[in-house]
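Just protein00.csv here, CSV, C-alpha atoms:
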chain,number,residue,atom,x,y,z
R,1,MET,CA,-40.0,86.1,50.6
R,2,ILE,CA,-38.5,85.1,54.0
R,3,GLY,CA,-40.4,85.2,57.2
R,4,THR,CA,-38.9,85.6,60.7
R,5,GLY,CA,-40.5,82.4,61.7
R,6,SER,CA,-42.2,79.4,60.0
R,7,SER,CA,-45.6,79.9,58.5
R,8,ILE,CA,-46.1,76.2,58.6
R,9,ASP,CA,-48.2,74.5,61.3
R,10,ARG,CA,-46.0,71.6,62.5
R,11,ARG,CA,-49.1,69.6,63.2
R,12,GLN,CA,-49.5,68.9,59.5
R,13,PHE,CA,-46.5,66.6,59.7
R,14,LEU,CA,-48.1,64.5,62.5
R,15,GLY,CA,-50.6,61.7,62.6
R,16,GLY,CA,-54.1,61.7,61.2
R,17,GLY,CA,-52.8,60.4,57.9
R,18,ALA,CA,-51.3,63.9,57.0
R,19,LYS,CA,-48.4,63.6,54.7
R,20,LEU,CA,-45.5,66.0,54.2
R,21,SER,CA,-46.1,67.3,50.7
R,22,VAL,CA,-45.4,70.5,49.0
R,23,VAL,CA,-48.1,71.8,46.6
R,24,ALA,CA,-46.5,73.2,43.5
R,25,SER,CA,-49.4,75.5,42.7
R,26,ALA,CA,-49.0,77.1,46.1
R,27,LEU,CA,-45.2,77.5,46.1
R,28,GLY,CA,-44.6,78.0,42.5
R,29,ALA,CA,-44.1,75.1,40.1
R,30,LEU,CA,-40.6,74.0,39.8
R,31,PRO,CA,-39.1,71.9,37.0
R,32,GLY,CA,-37.8,68.4,37.8
R,33,VAL,CA,-34.5,67.0,36.9
R,34,PRO,CA,-33.7,64.4,34.2
R,35,ALA,CA,-34.8,60.8,34.4
R,36,ALA,CA,-32.4,58.2,35.8
R,37,ARG,CA,-29.1,57.6,34.1
R,38,ALA,CA,-26.3,55.2,34.7
R,39,ALA,CA,-25.1,55.2,38.3
R,40,GLN,CA,-21.6,56.6,37.7
R,41,GLU,CA,-22.4,59.1,34.9
R,42,THR,CA,-21.4,62.7,35.8
R,43,ALA,CA,-24.5,64.9,35.7
R,44,SER,CA,-24.3,68.5,34.7
R,45,PRO,CA,-24.9,71.1,37.6
R,46,GLY,CA,-26.8,73.1,35.0
R,47,LYS,CA,-29.5,70.5,35.0
R,48,ALA,CA,-30.4,71.1,38.6
R,49,PRO,CA,-33.9,72.6,39.2
R,50,SER,CA,-34.5,76.4,39.0
R,51,PHE,CA,-34.8,76.6,42.8
R,52,ILE,CA,-32.1,75.3,45.2
R,53,LEU,CA,-32.0,75.8,49.0
R,54,ASP,CA,-28.7,74.9,50.6
R,55,SER,CA,-29.7,73.9,54.1
R,56,HIS,CA,-26.2,73.8,55.6
R,57,VAL,CA,-23.6,76.6,55.2
R,58,HIS,CA,-21.3,78.1,57.9
R,59,CYS,CA,-20.9,81.9,58.1
R,60,GLY,CA,-17.6,83.0,56.6
R,61,GLY,CA,-17.4,86.0,58.9
R,62,THR,CA,-16.3,88.7,56.4
R,63,GLU,CA,-17.9,91.0,53.9
R,64,ALA,CA,-15.7,89.5,51.2
R,65,TRP,CA,-17.3,86.1,52.0
R,66,VAL,CA,-20.8,87.6,51.7
R,67,GLN,CA,-20.0,89.0,48.3
R,68,ASN,CA,-18.6,85.7,47.1
R,69,MET,CA,-21.7,83.9,48.3
R,70,VAL,CA,-23.9,86.4,46.3
R,71,ARG,CA,-21.8,85.9,43.2
R,72,THR,CA,-22.0,82.2,43.4
R,73,TYR,CA,-25.5,81.5,44.6
R,74,ARG,CA,-27.6,84.2,42.9
R,75,PRO,CA,-26.9,83.0,39.3
R,76,ARG,CA,-28.1,79.5,40.3
R,77,HIS,CA,-31.2,80.9,41.9
R,78,ALA,CA,-30.0,79.3,45.1
R,79,MET,CA,-30.5,80.3,48.7
R,80,ALA,CA,-28.4,79.3,51.8
R,81,CYS,CA,-29.2,78.7,55.4
R,82,ILE,CA,-26.2,80.3,57.2
R,83,LEU,CA,-25.1,79.0,60.6
R,84,THR,CA,-24.0,82.0,62.6
R,85,TRP,CA,-22.3,82.6,66.0
R,86,ARG,CA,-23.4,85.7,67.9
R,87,LYS,CA,-20.1,87.4,67.0
R,88,ASP,CA,-21.1,87.4,63.4
R,89,LEU,CA,-24.8,88.3,64.0
R,90,ASP,CA,-24.5,91.9,62.7
R,91,LEU,CA,-22.8,90.8,59.6
R,92,MET,CA,-25.5,88.2,58.9
R,93,LYS,CA,-28.3,90.7,59.6
R,94,LYS,CA,-26.8,93.1,57.1
R,95,ALA,CA,-26.4,90.3,54.5
R,96,ILE,CA,-30.0,89.2,54.9
R,97,ALA,CA,-31.2,92.8,54.6
R,98,GLU,CA,-29.2,93.5,51.5
R,99,HIS,CA,-29.5,90.1,49.8
R,100,PRO,CA,-32.7,88.4,51.0
R,101,ASP,CA,-32.8,86.2,47.9
R,102,VAL,CA,-29.6,84.5,49.0
R,103,PHE,CA,-29.3,84.5,52.8
R,104,ILE,CA,-31.4,82.8,55.4
R,105,GLY,CA,-30.2,83.2,59.0
R,106,TYR,CA,-29.6,80.4,61.5
R,107,GLY,CA,-28.0,80.9,64.9
R,108,ARG,CA,-25.4,78.6,66.4
R,109,VAL,CA,-25.4,77.8,70.1
R,110,ASP,CA,-23.1,75.8,72.4
R,111,LEU,CA,-25.6,73.5,74.3
R,112,ASP,CA,-23.3,73.4,77.3
R,113,ASP,CA,-22.9,77.2,77.6
R,114,VAL,CA,-24.8,78.7,80.5
R,115,ASN,CA,-26.0,81.4,78.1
R,116,ALA,CA,-27.4,79.0,75.6
R,117,VAL,CA,-31.1,79.9,76.3
R,118,ARG,CA,-30.3,83.6,76.2
R,119,ASP,CA,-28.5,83.2,72.9
R,120,VAL,CA,-31.5,81.4,71.4
R,121,GLU,CA,-33.7,84.2,72.5
R,122,ALA,CA,-31.3,86.8,71.0
R,123,PHE,CA,-31.2,85.0,67.6
R,124,LYS,CA,-35.0,84.8,67.5
R,125,GLN,CA,-35.4,88.5,68.4
R,126,ASN,CA,-33.1,89.3,65.5
R,127,GLY,CA,-35.2,87.5,63.0
R,128,LEU,CA,-33.2,84.3,62.5
R,129,VAL,CA,-35.2,81.2,61.7
R,130,GLY,CA,-33.1,78.2,62.7
R,131,MET,CA,-30.5,76.9,65.2
R,132,LYS,CA,-27.3,74.7,64.8
R,133,PHE,CA,-25.9,72.5,67.5
R,134,HIS,CA,-22.5,70.7,67.5
R,135,SER,CA,-20.1,68.9,69.9
R,136,PRO,CA,-22.1,68.6,73.1
R,137,GLN,CA,-20.4,67.3,76.3
R,138,LYS,CA,-23.4,64.9,76.8
R,139,ASP,CA,-25.6,63.0,74.4
R,140,TYR,CA,-27.9,65.3,72.4
R,141,ASP,CA,-30.9,63.8,74.0
R,142,ASP,CA,-29.8,64.4,77.6
R,143,PRO,CA,-32.6,66.1,79.4
R,144,SER,CA,-30.3,68.9,80.6
R,145,TYR,CA,-30.6,70.3,77.0
R,146,PHE,CA,-34.4,70.1,76.8
R,147,GLN,CA,-34.9,73.7,77.8
R,148,VAL,CA,-33.0,74.8,74.7
R,149,TYR,CA,-35.0,72.5,72.5
R,150,ARG,CA,-38.3,73.5,74.1
R,151,LEU,CA,-37.6,77.1,73.3
R,152,CYS,CA,-36.7,76.3,69.7
R,153,GLU,CA,-40.0,74.4,69.4
R,154,GLU,CA,-41.9,77.4,70.9
R,155,TYR,CA,-40.2,79.9,68.6
R,156,ARG,CA,-40.5,77.6,65.5
R,157,LEU,CA,-36.8,77.5,65.0
R,158,HIS,CA,-35.7,74.7,62.7
R,159,MET,CA,-33.0,72.7,64.6
R,160,LEU,CA,-29.9,71.4,62.7
R,161,PHE,CA,-27.7,68.9,64.6
R,162,HIS,CA,-24.3,67.7,63.5
R,163,THR,CA,-24.5,63.9,63.6
R,164,GLY,CA,-21.8,61.3,63.2
R,165,ILE,CA,-18.0,61.5,63.0
R,166,SER,CA,-16.5,64.9,63.8
R,167,SER,CA,-13.1,66.2,62.8
R,168,HIS,CA,-10.6,67.5,65.3
R,169,SER,CA,-7.1,68.8,65.2
R,170,ILE,CA,-4.0,66.8,66.3
R,171,SER,CA,-3.1,67.8,69.9
R,172,ASN,CA,-1.1,66.6,72.8
R,173,GLU,CA,-3.8,68.0,75.1
R,174,PRO,CA,-7.0,66.0,76.1
R,175,GLN,CA,-10.1,67.1,74.2
R,176,TRP,CA,-13.5,67.0,75.7
R,177,GLY,CA,-16.2,65.5,73.5
R,178,SER,CA,-16.8,62.6,71.2
R,179,SER,CA,-18.6,61.7,68.0
R,180,ALA,CA,-20.4,59.1,70.0
R,181,ARG,CA,-22.3,62.0,71.7
R,182,MET,CA,-23.8,62.8,68.3
R,183,ARG,CA,-25.4,59.5,67.3
R,184,PRO,CA,-28.3,60.1,64.9
R,185,MET,CA,-30.7,58.0,67.0
R,186,SER,CA,-30.6,60.7,69.7
R,187,LEU,CA,-32.7,62.8,67.4
R,188,ASP,CA,-35.4,60.2,67.7
R,189,THR,CA,-35.8,61.1,71.3
R,190,ILE,CA,-35.8,64.8,70.5
R,191,CYS,CA,-38.5,64.4,67.9
R,192,ARG,CA,-40.7,62.4,70.2
R,193,GLN,CA,-40.2,64.9,73.1
R,194,PHE,CA,-40.8,68.0,70.9
R,195,PRO,CA,-43.4,66.9,68.3
R,196,ARG,CA,-44.1,70.4,67.0
R,197,ALA,CA,-40.4,71.0,66.2
R,198,THR,CA,-38.6,70.2,62.9
R,199,VAL,CA,-35.2,68.6,63.2
R,200,GLN,CA,-32.4,68.1,60.7
R,201,GLY,CA,-29.3,65.8,61.2
R,202,ALA,CA,-26.2,66.6,59.2
R,203,HIS,CA,-24.3,64.0,57.1
R,204,LEU,CA,-26.9,61.3,57.4
R,205,GLY,CA,-25.2,60.3,60.6
R,206,ASN,CA,-21.9,59.2,58.9
R,207,PRO,CA,-21.0,56.4,59.4
R,208,TRP,CA,-24.3,55.4,61.1
R,209,TYR,CA,-26.4,55.7,57.9
R,210,GLU,CA,-28.9,53.0,58.7
R,211,GLU,CA,-29.4,54.3,62.2
R,212,ALA,CA,-30.2,57.8,60.8
R,213,ALA,CA,-32.6,56.4,58.2
R,214,GLU,CA,-34.5,54.3,60.8
R,215,ALA,CA,-34.8,57.3,63.1
R,216,ALA,CA,-36.3,59.3,60.2
R,217,ARG,CA,-38.6,56.4,59.2
R,218,TRP,CA,-40.7,56.8,62.4
R,219,ASN,CA,-40.4,60.6,62.7
R,220,PRO,CA,-42.2,62.7,60.0
R,221,THR,CA,-40.4,65.9,61.2
R,222,LEU,CA,-36.9,64.5,61.0
R,223,PHE,CA,-34.7,65.2,58.0
R,224,PHE,CA,-31.1,64.6,57.0
R,225,ASP,CA,-28.6,66.2,54.7
R,226,VAL,CA,-25.9,64.2,53.0
R,227,THR,CA,-23.1,66.8,53.2
R,228,GLY,CA,-19.5,66.3,54.2
R,229,SER,CA,-17.8,63.0,53.1
R,230,THR,CA,-21.0,61.0,52.9
R,231,LEU,CA,-21.6,61.1,49.2
R,232,LEU,CA,-17.8,61.3,48.5
R,233,LYS,CA,-17.5,57.9,50.1
R,234,PHE,CA,-20.4,56.3,48.1
R,235,ILE,CA,-19.0,57.7,44.9
R,236,LYS,CA,-15.4,56.6,45.6
R,237,THR,CA,-16.6,53.1,46.2
R,238,GLY,CA,-19.0,53.0,43.3
R,239,ARG,CA,-22.0,52.3,45.5
R,240,LEU,CA,-24.3,55.3,45.0
R,241,GLU,CA,-27.1,52.8,44.5
R,242,ARG,CA,-26.7,51.6,48.1
R,243,MET,CA,-28.6,54.7,49.2
R,244,LYS,CA,-31.9,53.1,48.1
R,245,GLU,CA,-31.1,50.2,50.4
R,246,ILE,CA,-30.7,52.6,53.3
R,247,LEU,CA,-33.7,54.6,52.4
R,248,TRP,CA,-35.9,51.6,51.6
R,249,TRP,CA,-39.5,52.5,52.4
R,250,ALA,CA,-42.0,54.3,50.3
R,251,SER,CA,-44.9,56.6,51.3
R,252,ASP,CA,-47.4,54.6,49.1
R,253,GLU,CA,-46.8,51.6,51.4
R,254,ALA,CA,-47.7,53.5,54.5
R,255,GLN,CA,-51.4,52.8,54.6
R,256,ASP,CA,-51.0,49.0,54.6
R,257,ASN,CA,-47.5,48.4,56.0
R,258,PRO,CA,-47.2,48.1,59.8
R,259,HIS,CA,-43.5,48.7,59.5
R,260,THR,CA,-43.8,52.2,58.0
R,261,LEU,CA,-45.3,55.3,59.7
R,262,LYS,CA,-48.9,55.7,58.5
R,263,GLY,CA,-49.2,58.9,56.7
R,264,GLY,CA,-45.5,59.7,56.9
R,265,PRO,CA,-43.3,60.9,54.0
R,266,GLY,CA,-41.4,58.5,51.8
R,267,ALA,CA,-37.8,57.8,52.6
R,268,TRP,CA,-36.3,60.1,50.0
R,269,GLU,CA,-38.5,63.0,51.3
R,270,HIS,CA,-36.4,63.0,54.5
R,271,ILE,CA,-33.3,64.0,52.6
R,272,VAL,CA,-32.5,67.7,51.9
R,273,PHE,CA,-29.8,69.3,49.9
R,274,GLY,CA,-26.8,71.0,51.6
R,275,THR,CA,-23.1,71.7,51.1
R,276,ASP,CA,-21.4,72.4,54.5
R,277,GLU,CA,-18.7,74.2,52.4
R,278,GLY,CA,-17.8,77.6,51.2
R,279,PRO,CA,-19.1,79.1,48.0
R,280,SER,CA,-16.7,77.2,45.8
R,281,GLY,CA,-18.3,74.0,47.1
R,282,LEU,CA,-21.8,74.7,45.6
R,283,ALA,CA,-21.2,73.4,42.1
R,284,PRO,CA,-19.5,70.1,43.1
R,285,ASN,CA,-22.1,69.4,45.7
R,286,ILE,CA,-24.9,69.9,43.2
R,287,GLU,CA,-23.2,67.5,40.9
R,288,ARG,CA,-22.8,64.8,43.6
R,289,PHE,CA,-26.4,65.2,44.7
R,290,GLN,CA,-27.6,64.9,41.1
R,291,ARG,CA,-25.6,61.7,40.7
R,292,MET,CA,-27.1,60.2,43.8
R,293,LEU,CA,-30.6,61.0,42.6
R,294,ASP,CA,-30.0,59.6,39.1
R,295,ALA,CA,-28.3,56.4,40.4
R,296,ASN,CA,-31.3,55.7,42.6
R,297,GLN,CA,-34.0,56.7,40.1
R,298,VAL,CA,-35.7,59.2,42.5
R,299,PRO,CA,-38.9,60.6,41.0
R,300,ASP,CA,-38.9,64.2,39.7
R,301,GLU,CA,-41.5,65.4,42.1
R,302,VAL,CA,-39.6,64.1,45.1
R,303,ARG,CA,-36.3,65.6,43.8
R,304,ALA,CA,-37.9,69.1,43.8
R,305,LYS,CA,-38.6,68.7,47.5
R,306,MET,CA,-35.1,67.5,48.2
R,307,TRP,CA,-33.5,70.3,46.3
R,308,GLY,CA,-35.3,72.9,48.3
R,309,LEU,CA,-39.1,72.8,48.6
R,310,THR,CA,-39.1,70.8,51.9
R,311,ILE,CA,-36.9,73.3,53.8
R,312,ALA,CA,-38.6,76.2,52.1
R,313,LYS,CA,-41.9,75.0,53.4
R,314,ILE,CA,-40.6,74.5,56.9
R,315,LEU,CA,-39.1,78.0,57.0
R,316,GLY,CA,-42.1,79.7,55.5
R,317,ILE,CA,-40.3,80.7,52.2
R,318,ASP,CA,-42.3,81.0,49.0
R,319,PRO,CA,-39.9,80.4,46.1
R,320,SER,CA,-42.3,82.1,43.7
R,321,LYS,CA,-41.9,85.4,45.5
R,322,ARG,CA,-38.2,85.5,46.0

Kindly present the structure from the file in structure tokens form.
Amino acid sequence: MIGTGSSIDRRQFLGGGAKLSVVASALGALPGVPAARAAQETASPGKAPSFILDSHVHCGGTEAWVQNMVRTYRPRHAMACILTWRKDLDLMKKAIAEHPDVFIGYGRVDLDDVNAVRDVEAFKQNGLVGMKFHSPQKDYDDPSYFQVYRLCEEYRLHMLFHTGISSHSISNEPQWGSSARMRPMSLDTICRQFPRATVQGAHLGNPWYEEAAEAARWNPTLFFDVTGSTLLKFIKTGRLERMKEILWWASDEAQDNPHTLKGGPGAWEHIVFGTDEGPSGLAPNIERFQRMLDANQVPDEVRAKMWGLTIAKILGIDPSKR
């Protein structure tokens, strides 16, 4: 079941010793994944849990794409957060209405567009539950963007930011923008300014992985996906285990460790599954994510959150009723 806004009180993520945890009895118990195996063993996508939520997919813009998504995601009991420009809003509304077990609607807004606030309002009015931002002309945490973020916080729209390196085409013409505008640490400012909002950074800030992790360490409402070339790089260099060096802290240390947020989630609980690819990318991304979990011996109960329970809770989705 998908709500038009989050049923989760964001205050539960903040202070007071409250931890980000998903209660299996409330959301429907989900099986874990196998225990740790050798770092470079190829895991079978079929061994992923029975509920997967892909937190990062771009709208393909055609009915054929919609049907391809359904054919690919439904057999795996997977849902997808679809990042949608206004031009594709009608297509996405129809897809959500006809296939609510697959599609979750996010809007996409240009922060420098004079109509950005109006667009956010339109997406909210049409039942979308998240917002995507990319390629700002200023740093993400520039105060000129705060009106947009404040509205997302008020509307309980989960905010997804591209972070790190960004592709661009070869051109002889000057191009406005820079990957430096999208450093992951800028999300630290946003989380502090808008404490009731939930925020996600894409690609773990590639190549600023440590910066992304340290921003998450002190912000219980900040999450990152590892889509794009992030895991490909770690697999190619045979260093999947390096992830546990980047995500080094644990929630059970929080009560006594002054260097870890008291009551905050453990490091791995800040990571969520996503693909940032078309339907054909689901299976290989499941495999890569599984390999990362196995190489770093992530506990089963934490894996279930990473595969989908964390984002489901943020968005007010009950996996047991889908």

Give me, as a tab-separated table, the closest atom pair and its distance (Å, one decimal) for every residue of segment 146-174 of chain R within a cut-off of 12 Å of segment 72-83 of chain R, counting only C-alpha atoms, rows sorted by chain and rising number.
residue	atom	partner	partner_atom	distance
R:His158	CA	R:Cys81	CA	10.6
R:Met159	CA	R:Leu83	CA	10.9
R:Leu160	CA	R:Leu83	CA	9.2
R:Phe161	CA	R:Leu83	CA	11.2
R:His162	CA	R:Leu83	CA	11.7

Work out how far apart atom CA of Ile311 of chain R and atom CA of Gln200 of chain R are and give it in Å to one decimal.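 For atom CA of Ile311 of chain R relative to atom CA of Gln200 of chain R, the distance reads 9.7 Å.
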
Give me, please, the distance in Å between atom CA of Gly130 of chain R and atom CA of Met292 of chain R, quoted to one decimal. 26.8 Å

Test item: residues at most 9 Å from segment 231-248 of chain R, only C-alpha atoms, excluding those fewer than 2 positions along its chain, as a JSON list (two decimals) with C-alpha atoms, keeping the file's coordinate frame:
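Output file part_37.json follows:
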[["chain", "number", "residue", "atom", "x", "y", "z"],
["R", 39, "ALA", "CA", -25.10, 55.20, 38.30],
["R", 40, "GLN", "CA", -21.60, 56.60, 37.70],
["R", 203, "HIS", "CA", -24.30, 64.00, 57.10],
["R", 209, "TYR", "CA", -26.40, 55.70, 57.90],
["R", 210, "GLU", "CA", -28.90, 53.00, 58.70],
["R", 213, "ALA", "CA", -32.60, 56.40, 58.20],
["R", 214, "GLU", "CA", -34.50, 54.30, 60.80],
["R", 217, "ARG", "CA", -38.60, 56.40, 59.20],
["R", 226, "VAL", "CA", -25.90, 64.20, 53.00],
["R", 227, "THR", "CA", -23.10, 66.80, 53.20],
["R", 228, "GLY", "CA", -19.50, 66.30, 54.20],
["R", 229, "SER", "CA", -17.80, 63.00, 53.10],
["R", 250, "ALA", "CA", -42.00, 54.30, 50.30],
["R", 266, "GLY", "CA", -41.40, 58.50, 51.80],
["R", 267, "ALA", "CA", -37.80, 57.80, 52.60],
["R", 268, "TRP", "CA", -36.30, 60.10, 50.00],
["R", 288, "ARG", "CA", -22.80, 64.80, 43.60],
["R", 289, "PHE", "CA", -26.40, 65.20, 44.70],
["R", 291, "ARG", "CA", -25.60, 61.70, 40.70],
["R", 292, "MET", "CA", -27.10, 60.20, 43.80],
["R", 293, "LEU", "CA", -30.60, 61.00, 42.60],
["R", 295, "ALA", "CA", -28.30, 56.40, 40.40],
["R", 296, "ASN", "CA", -31.30, 55.70, 42.60]]

For Asp276 of chain R, list every protein, DNA or RNA residue within 9 Å, evaluated using only C-alpha atoms, and leave out those in the same chain fewer than 2 positions away; present the list as an mmCIF file with C-alpha atoms, keeping the file's coordinate frame.
data_model
loop_
_atom_site.group_PDB
_atom_site.id
_atom_site.type_symbol
_atom_site.label_atom_id
_atom_site.label_comp_id
_atom_site.auth_asym_id
_atom_site.auth_seq_id
_atom_site.Cartn_x
_atom_site.Cartn_y
_atom_site.Cartn_z
ATOM 1 C CA ASP R 54 -28.700 74.900 50.600
ATOM 2 C CA SER R 55 -29.700 73.900 54.100
ATOM 3 C CA HIS R 56 -26.200 73.800 55.600
ATOM 4 C CA VAL R 57 -23.600 76.600 55.200
ATOM 5 C CA HIS R 58 -21.300 78.100 57.900
ATOM 6 C CA ALA R 202 -26.200 66.600 59.200
ATOM 7 C CA THR R 227 -23.100 66.800 53.200
ATOM 8 C CA GLY R 228 -19.500 66.300 54.200
ATOM 9 C CA GLY R 274 -26.800 71.000 51.600
ATOM 10 C CA GLY R 278 -17.800 77.600 51.200
ATOM 11 C CA GLY R 281 -18.300 74.000 47.100
#

Computed interatomic separation between atom CA of Arg156 of chain R and atom CA of Phe223 of chain R (Å): 15.6 Å

Non-local contacts of Leu91 of chain R (8 Å; all atoms listed in the file; under 6 positions in same chain excluded) as a list in words: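 What passes the distance filter is Gly61, Thr62 and Glu63 of chain R.
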
Which polymer residues, protein or nucleic acid, are no farther than 10 Å from (-33.9, 82.5, 67.4), counting all atoms listed in the file, as a VMD selection string? chain R and resid 4 to 5 105 to 108 117 to 131 151 to 152 155 to 158

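Distance check against Glu287 of chain R using all atoms listed in the file: of R:Ala312, R:Trp307, R:Asn206, R:Ala216, the minimum falls on R:Trp307.
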
Can you tell me, as a PDB file with C-alpha atoms, keeping the file's coordinate frame, what residues are no more than 10 Å from Pro279 of chain R when counting only C-alpha atoms, ignoring any on the same chain fewer than 5 positions away?
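Final output, selection11.pdb:
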ATOM      1  CA  VAL R  57     -23.600  76.600  55.200  1.00  0.00           C
ATOM      2  CA  GLY R  60     -17.600  83.000  56.600  1.00  0.00           C
ATOM      3  CA  TRP R  65     -17.300  86.100  52.000  1.00  0.00           C
ATOM      4  CA  VAL R  66     -20.800  87.600  51.700  1.00  0.00           C
ATOM      5  CA  GLN R  67     -20.000  89.000  48.300  1.00  0.00           C
ATOM      6  CA  ASN R  68     -18.600  85.700  47.100  1.00  0.00           C
ATOM      7  CA  MET R  69     -21.700  83.900  48.300  1.00  0.00           C
ATOM      8  CA  VAL R  70     -23.900  86.400  46.300  1.00  0.00           C
ATOM      9  CA  ARG R  71     -21.800  85.900  43.200  1.00  0.00           C
ATOM     10  CA  THR R  72     -22.000  82.200  43.400  1.00  0.00           C
ATOM     11  CA  TYR R  73     -25.500  81.500  44.600  1.00  0.00           C
TER      12      TYR R  73
END

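Ranking R:Ala212, R:Pro284, R:Val199, R:Phe194 by their shortest atom-to-atom distance to Gly164 of chain R, with only C-alpha atoms included, puts R:Ala212 first.
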